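J.: Provided herewith: model.pdb, PDB, C-alpha atoms, pLDDT in the B column.
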```pdb
ATOM      1  CA  MET M 888      41.227 -65.026  18.940  1.00 58.00           C
ATOM      2  CA  THR M 889      40.559 -62.135  21.274  1.00 70.00           C
ATOM      3  CA  ILE M 890      36.940 -61.074  21.656  1.00 70.00           C
ATOM      4  CA  PRO M 891      36.575 -57.321  21.036  1.00 76.00           C
ATOM      5  CA  GLU M 892      35.486 -55.153  23.968  1.00 78.00           C
ATOM      6  CA  TRP M 893      32.348 -54.127  22.091  1.00 77.00           C
ATOM      7  CA  SER M 894      31.130 -57.684  21.665  1.00 72.00           C
ATOM      8  CA  GLY M 895      28.681 -57.494  24.580  1.00 81.00           C
ATOM      9  CA  LYS M 896      26.989 -54.310  23.374  1.00 90.00           C
ATOM     10  CA  ASP M 897      23.774 -54.173  21.361  1.00 93.00           C
ATOM     11  CA  PHE M 898      24.688 -51.809  18.551  1.00 96.00           C
ATOM     12  CA  TYR M 899      21.468 -52.489  16.689  1.00 96.00           C
ATOM     13  CA  ALA M 900      19.456 -51.240  19.659  1.00 96.00           C
ATOM     14  CA  THR M 901      21.789 -48.259  20.048  1.00 97.00           C
ATOM     15  CA  LEU M 902      20.991 -47.161  16.493  1.00 97.00           C
ATOM     16  CA  GLY M 903      17.371 -48.301  16.669  1.00 97.00           C
ATOM     17  CA  VAL M 904      17.599 -50.618  13.670  1.00 98.00           C
ATOM     18  CA  GLY M 905      17.022 -54.321  13.187  1.00 96.00           C
ATOM     19  CA  GLN M 906      19.779 -56.851  12.618  1.00 94.00           C
ATOM     20  CA  ASP M 907      18.687 -57.122   9.005  1.00 95.00           C
ATOM     21  CA  ALA M 908      19.100 -53.361   8.414  1.00 96.00           C
ATOM     22  CA  SER M 909      20.834 -52.385   5.196  1.00 96.00           C
ATOM     23  CA  GLU M 910      23.945 -50.215   5.105  1.00 95.00           C
ATOM     24  CA  GLU M 911      21.735 -47.325   4.037  1.00 97.00           C
ATOM     25  CA  GLU M 912      19.389 -47.826   7.000  1.00 98.00           C
ATOM     26  CA  VAL M 913      22.321 -47.961   9.401  1.00 97.00           C
ATOM     27  CA  GLY M 914      23.728 -44.761   7.898  1.00 97.00           C
ATOM     28  CA  LYS M 915      20.393 -42.967   8.046  1.00 98.00           C
ATOM     29  CA  ALA M 916      19.828 -43.956  11.684  1.00 98.00           C
ATOM     30  CA  TYR M 917      23.335 -42.809  12.583  1.00 98.00           C
ATOM     31  CA  LYS M 918      22.908 -39.423  10.907  1.00 98.00           C
ATOM     32  CA  GLU M 919      19.588 -38.774  12.646  1.00 98.00           C
ATOM     33  CA  LEU M 920      20.899 -39.723  16.077  1.00 98.00           C
ATOM     34  CA  ALA M 921      24.228 -37.940  15.572  1.00 97.00           C
ATOM     35  CA  ARG M 922      22.390 -34.700  14.783  1.00 96.00           C
ATOM     36  CA  LYS M 923      20.253 -35.113  17.879  1.00 97.00           C
ATOM     37  CA  TYR M 924      23.048 -35.973  20.331  1.00 97.00           C
ATOM     38  CA  HIS M 925      26.072 -34.133  18.927  1.00 96.00           C
ATOM     39  CA  PRO M 926      27.692 -32.166  21.792  1.00 93.00           C
ATOM     40  CA  ASP M 927      27.749 -28.971  19.705  1.00 94.00           C
ATOM     41  CA  VAL M 928      23.962 -29.103  19.417  1.00 93.00           C
ATOM     42  CA  ASN M 929      22.834 -30.865  22.581  1.00 95.00           C
ATOM     43  CA  HIS M 930      24.466 -29.430  25.689  1.00 93.00           C
ATOM     44  CA  ASP M 931      23.153 -32.092  28.074  1.00 94.00           C
ATOM     45  CA  PRO M 932      26.200 -33.850  29.613  1.00 91.00           C
ATOM     46  CA  GLU M 933      24.626 -37.237  28.834  1.00 95.00           C
ATOM     47  CA  ALA M 934      24.404 -36.294  25.147  1.00 96.00           C
ATOM     48  CA  ALA M 935      28.177 -36.566  24.756  1.00 95.00           C
ATOM     49  CA  VAL M 936      28.107 -40.081  26.222  1.00 95.00           C
ATOM     50  CA  LYS M 937      25.208 -41.071  23.980  1.00 96.00           C
ATOM     51  CA  PHE M 938      26.985 -39.575  20.951  1.00 97.00           C
ATOM     52  CA  LYS M 939      30.065 -41.724  21.649  1.00 96.00           C
ATOM     53  CA  GLN M 940      27.891 -44.844  21.911  1.00 96.00           C
ATOM     54  CA  ILE M 941      26.147 -44.003  18.633  1.00 97.00           C
ATOM     55  CA  THR M 942      29.464 -43.406  16.883  1.00 97.00           C
ATOM     56  CA  GLU M 943      30.929 -46.663  18.201  1.00 96.00           C
ATOM     57  CA  ALA M 944      27.862 -48.577  16.987  1.00 97.00           C
ATOM     58  CA  TYR M 945      28.062 -46.960  13.569  1.00 98.00           C
ATOM     59  CA  ASP M 946      31.793 -47.624  13.255  1.00 96.00           C
ATOM     60  CA  VAL M 947      31.226 -51.347  13.758  1.00 95.00           C
ATOM     61  CA  LEU M 948      27.978 -51.781  11.808  1.00 97.00           C
ATOM     62  CA  SER M 949      29.074 -49.673   8.827  1.00 96.00           C
ATOM     63  CA  THR M 950      32.228 -51.732   8.245  1.00 95.00           C
ATOM     64  CA  PRO M 951      31.281 -55.026   6.552  1.00 96.00           C
ATOM     65  CA  ASP M 952      34.094 -57.094   8.110  1.00 95.00           C
ATOM     66  CA  GLN M 953      33.482 -55.749  11.601  1.00 93.00           C
ATOM     67  CA  ARG M 954      29.718 -56.176  11.267  1.00 95.00           C
ATOM     68  CA  LYS M 955      30.187 -59.794  10.187  1.00 94.00           C
ATOM     69  CA  LEU M 956      32.464 -60.440  13.174  1.00 91.00           C
ATOM     70  CA  TYR M 957      30.025 -58.654  15.504  1.00 93.00           C
ATOM     71  CA  ASP M 958      27.087 -60.717  14.222  1.00 93.00           C
ATOM     72  CA  THR M 959      29.076 -63.954  14.525  1.00 90.00           C
ATOM     73  CA  ILE M 960      30.096 -63.208  18.100  1.00 88.00           C
ATOM     74  CA  ARG M 961      26.499 -62.333  19.039  1.00 87.00           C
ATOM     75  CA  LYS M 962      25.252 -65.540  17.422  1.00 85.00           C
ATOM     76  CA  TYR M 963      27.573 -67.903  19.266  1.00 82.00           C
ATOM     77  CA  PHE M 964      28.225 -66.157  22.570  1.00 75.00           C
ATOM     78  CA  THR M 965      25.888 -64.827  25.211  1.00 63.00           C
ATOM     79  CA  PHE M 966      27.108 -61.954  27.353  1.00 53.00           C
TER
END
```
Let's see the structure in the file written out as structure tokens.

T.:
Amino acid sequence: MTIPEWSGKDFYATLGVGQDASEEEVGKAYKELARKYHPDVNHDPEAAVKFKQITEAYDVLSTPDQRKLYDTIRKYFTF
């Protein structure tokens, strides 16, 4: 099994939610941060980078299979 490139990232911290956050909490956190850092709204060059990180975190944590894999990797491996 190949370990995904995102396995060493803390997506929960990126979205500002706990590991026990519900799908609704993850979605709400994503929407709030996406509005704040979207490049069309926030013209700071770092906002685009932050927006990509937020979107990557949401993509993994909002997909049940990927979230389960992410949690399993974090549980058994230290990066």

J.: Give me, please, the distance in Å between CA of Tyr945 (chain M) and CA of Ile960 (chain M), quoted to one decimal.

T.: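 According to the coordinates, CA of Tyr945 (chain M) and CA of Ile960 (chain M) are separated by 17.0 Å.
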
J.: On this structure, the PyMOL selection byres ((chain M and resi 896) around 10) would catch which residues? List them as a list in words, sorted by chain and number.

T.: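 Applying the PyMOL selection byres ((chain M and resi 896) around 10) to the structure shown produces Glu892, Trp893, Ser894, Gly895, Asp897, Phe898, Tyr899, Ala900, Thr901, Gln940, Ala944, Tyr957, Arg961 and Phe966 of chain M.
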
J.: Step by step, work through what the PyMOL selection byres ((chain M and resi 948) around 12) selects in the shown file, and finish by giving those residues as a PyMOL selection string.

T.: chain M and resi 893-894+896-902+904-914+916-917+941-947+949-958

J.: Just give me the gap between CA of Thr959 (chain M) and CA of Tyr924 (chain M) in Å, one decimal is fine.

T.: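 These atoms are spaced 29.2 Å apart.
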
J.: Rounded to one decimal place, report the CA of Leu920 (chain M)-CA of Gly903 (chain M) distance in Å.

T.: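 About the pair CA of Leu920 (chain M) and CA of Gly903 (chain M): they are 9.3 Å apart.
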
J.: With 8 Å added on each side, what axis-aligned box encloses every listed atom of region 936-942 of chain M? Give the centre and edge lengths in Å to one decimal, as JSON.

T.:
```
{"center_x": 27.6, "center_y": -42.2, "center_z": 21.6, "size_x": 20.9, "size_y": 21.3, "size_z": 25.3}
```
